[in-house]
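Remarks on the structure that follows.
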Amino acid sequence: MFELSFSTVKVKFKFMCAVNKTDLSHTQDPLQLSKEWLKEAEQSSQITHPNAMAVATVNPKGQPSSRIVLLKEINNEGFIFSTNYESQKGRDLEQSPLIAANIYWDPLFRQICIQGAAEKLDRQDSQKYWASRPRESQISHFVSPQSQPVESRAFLDQQYNKALKQFRNDLFLFLKSKSSWLAQRLFP
Ligand SMILES: Cc1cc2nc3c(=O)[nH]c(=O)nc-3n(C[C@H](O)[C@H](O)[C@H](O)COP(=O)(O)O)c2cc1C
């Protein structure tokens, strides 16, 4: 196991991988390395969800909680994922932007541990990520109250089918979802 940590004032990155030290010798830029590792993971036929990322947030009592989200993109400003703002994590982030994330690619035996803060992307950027989501996910978002108990599966199905017929236009759905859905940038 080889381990290397990068840190600056705001940044805390930890990369862990198997013995291939060349991985870590050609760049000291953690975001660049993250992008390269993600690309390799995406190219691996053995990895079903290369962009699955565990994200931990903290509630006002200091209780951490974690869940899987899909990493949309790694760019020069950080890690992009999107979420419903009415979810537990959304509410946590309203109170405290502090966040930790972890990505693990099993066959590659690599993980990235990130600590940082999250900030909302603006509506225009969020819309771009919204448009990249499958229509089924957009509708599901619209009809399911996040992180809350639902009446029954049948109720959800009914709402889903109703919305499917009602909203034919992606942008309209996005506008209807108001502030509840926004892409997030996790900047380490
Ligand atoms: C493979 C997978 C991908 C997921 N992707 C997302 C995502 O991109 N954004 C999101 O908010 N929730 C995503 N979820 C659902 C979350 O894991 C979680 O159940 C939901 O967001 C509510 O979490 P919270 O109540 O802790 O906020 C995904 C779940 C799975 C299993």
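Residues are named by chain letter and number: chains run A, B, ... in the order of the structure tokens, numbers start at 1 in each chain, and ligands are numbered from 1 in the order shown.
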DSSP alpha helix (DSSP H) selection over segment 90-146 of chain A, as a PyMOL selection string: chain A and resi 90-95+123-131+135-143
Could you give me, as a list of chain:residue names, every polymer residue with an atom at most 7 Å away from an atom of ligand 1, counting only C-alpha atoms and all ligand atoms? A:Ala52, A:Ser65, A:Ser66, A:Arg67, A:Ile68, A:Val69, A:Leu70, A:Leu71, A:Phe81, A:Ser82, A:Thr83, A:Asn84, A:Ser87, A:Gln88, A:Lys89, A:Gly90, A:Gln146, A:Ser147
Report as number ranges by chain all protein, DNA and RNA residues lying within 12 Å of Glu40 of chain A, evaluated on only C-alpha atoms, omitting residues in the same chain fewer than 3 positions from it. A: 23, 33-37, 43-47, 50-51, 105, 107-108, 110
Write out the residues from the selection above, keeping N, CA and C atoms, as a CSV table (one decimal), in the first residue's frame.
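Saved as out32.csv:
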chain,number,residue,atom,x,y,z
A,23,ASP,N,2.1,6.3,-10.2
A,23,ASP,CA,0.8,7.0,-10.1
A,23,ASP,C,1.0,8.4,-9.5
A,33,LEU,N,-4.6,14.3,-10.5
A,33,LEU,CA,-4.5,12.9,-10.3
A,33,LEU,C,-5.9,12.2,-10.1
A,34,SER,N,-6.8,13.0,-9.5
A,34,SER,CA,-8.1,12.5,-9.3
A,34,SER,C,-8.8,12.3,-10.6
A,35,LYS,N,-8.6,13.2,-11.5
A,35,LYS,CA,-9.2,13.1,-12.9
A,35,LYS,C,-8.7,11.9,-13.6
A,36,GLU,N,-7.4,11.7,-13.5
A,36,GLU,CA,-6.8,10.6,-14.2
A,36,GLU,C,-7.3,9.3,-13.7
A,37,TRP,N,-7.4,9.2,-12.3
A,37,TRP,CA,-7.9,7.9,-11.7
A,37,TRP,C,-9.3,7.7,-12.1
A,43,GLN,N,-12.9,3.6,-17.6
A,43,GLN,CA,-12.5,2.7,-18.7
A,43,GLN,C,-12.4,1.2,-18.3
A,44,SER,N,-12.5,1.0,-17.0
A,44,SER,CA,-12.4,-0.4,-16.6
A,44,SER,C,-13.7,-1.1,-16.7
A,45,SER,N,-13.7,-2.3,-17.4
A,45,SER,CA,-14.9,-3.0,-17.6
A,45,SER,C,-15.4,-3.7,-16.3
A,46,GLN,N,-14.5,-3.7,-15.3
A,46,GLN,CA,-14.8,-4.4,-14.0
A,46,GLN,C,-15.6,-3.5,-13.0
A,47,ILE,N,-15.6,-2.2,-13.3
A,47,ILE,CA,-16.2,-1.3,-12.4
A,47,ILE,C,-17.6,-0.8,-12.9
A,50,PRO,N,-18.2,3.6,-11.6
A,50,PRO,CA,-16.9,4.3,-11.3
A,50,PRO,C,-17.1,5.6,-10.6
A,51,ASN,N,-18.3,6.2,-10.8
A,51,ASN,CA,-18.5,7.6,-10.2
A,51,ASN,C,-19.3,7.6,-8.9
A,105,TRP,N,-12.2,2.4,-5.8
A,105,TRP,CA,-12.3,1.6,-7.0
A,105,TRP,C,-11.6,0.2,-6.7
A,107,PRO,N,-11.2,-3.0,-8.1
A,107,PRO,CA,-10.2,-3.8,-8.9
A,107,PRO,C,-8.9,-3.0,-9.0
A,108,LEU,N,-9.0,-1.7,-9.0
A,108,LEU,CA,-7.7,-0.8,-9.1
A,108,LEU,C,-7.0,-0.7,-7.7
A,110,ARG,N,-7.7,1.4,-5.4
A,110,ARG,CA,-7.4,2.8,-5.2
A,110,ARG,C,-8.5,3.5,-4.4
Quick check, in Å to one decimal: how far apart do atom CA of Glu42 of chain A and atom CA of Thr57 of chain A lie? 26.0 Å
Atomic distance atom CA of Glu73 of chain A - atom CA of Leu31 of chain A, expressed in Å with one decimal: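 That distance, rounded to one decimal, is 11.1 Å.
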Ranking A:Ala56, A:Pro149, A:Glu94, A:Thr48 by minimum distance to Lys120 of chain A and counting only C-alpha atoms, which one comes first? A:Glu94
As a PyMOL selection string, which residues of segment 59-177 of chain A does DSSP assign to strand (DSSP E)? chain A and resi 64-75+78-84+98-105+110-120
Since we have the selection now, will you write its residues out, keeping C-alpha atoms, as a CSV table (one decimal), in the first residue's frame?
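Writing done, so here's again32.csv:
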chain,number,residue,atom,x,y,z
A,64,PRO,CA,-22.1,12.8,10.8
A,65,SER,CA,-24.1,10.8,8.2
A,66,SER,CA,-23.0,9.4,4.9
A,67,ARG,CA,-24.5,8.2,1.7
A,68,ILE,CA,-23.6,7.4,-1.9
A,69,VAL,CA,-24.0,10.1,-4.6
A,70,LEU,CA,-22.9,10.1,-8.2
A,71,LEU,CA,-19.9,12.2,-9.0
A,72,LYS,CA,-20.8,14.2,-12.1
A,73,GLU,CA,-17.4,15.7,-12.9
A,74,ILE,CA,-14.0,16.5,-11.5
A,75,ASN,CA,-12.9,19.9,-12.7
A,78,GLY,CA,-13.4,20.5,-7.3
A,79,PHE,CA,-15.8,17.5,-7.3
A,80,ILE,CA,-19.3,18.1,-8.7
A,81,PHE,CA,-22.3,16.1,-7.5
A,82,SER,CA,-25.9,17.0,-7.3
A,83,THR,CA,-28.5,16.7,-4.7
A,84,ASN,CA,-31.9,17.6,-3.5
A,98,LEU,CA,-18.0,21.0,5.9
A,99,ILE,CA,-18.0,17.7,4.0
A,100,ALA,CA,-15.9,14.6,3.5
A,101,ALA,CA,-16.0,12.2,0.6
A,102,ASN,CA,-14.5,8.9,-0.3
A,103,ILE,CA,-14.2,7.1,-3.6
A,104,TYR,CA,-13.0,3.6,-3.8
A,105,TRP,CA,-12.3,1.6,-7.0
A,110,ARG,CA,-7.4,2.8,-5.2
A,111,GLN,CA,-9.2,5.2,-3.0
A,112,ILE,CA,-9.4,9.0,-2.7
A,113,CYS,CA,-10.3,10.6,0.6
A,114,ILE,CA,-11.4,14.2,0.4
A,115,GLN,CA,-12.2,16.8,3.1
A,116,GLY,CA,-13.4,20.2,2.3
A,117,ALA,CA,-16.4,22.4,2.0
A,118,ALA,CA,-19.4,22.4,-0.4
A,119,GLU,CA,-20.9,25.3,-2.2
A,120,LYS,CA,-23.9,25.4,-4.4
Expressed in Å to a single decimal, how great is the separation between atom CA of Tyr85 of chain A and atom CA of Gln124 of chain A?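 If I compute the distance from atom CA of Tyr85 of chain A to atom CA of Gln124 of chain A, I get 16.2 Å.
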Show me, as a list in words, the residues that have an atom within 9 Å of Glu136 of chain A when counting only C-alpha atoms, minus same-chain residues fewer than 3 positions from it.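 Once the nearby chain positions are removed, what remains is Arg133, Ile139, Ser140, His141, Tyr160 and Leu164 of chain A.
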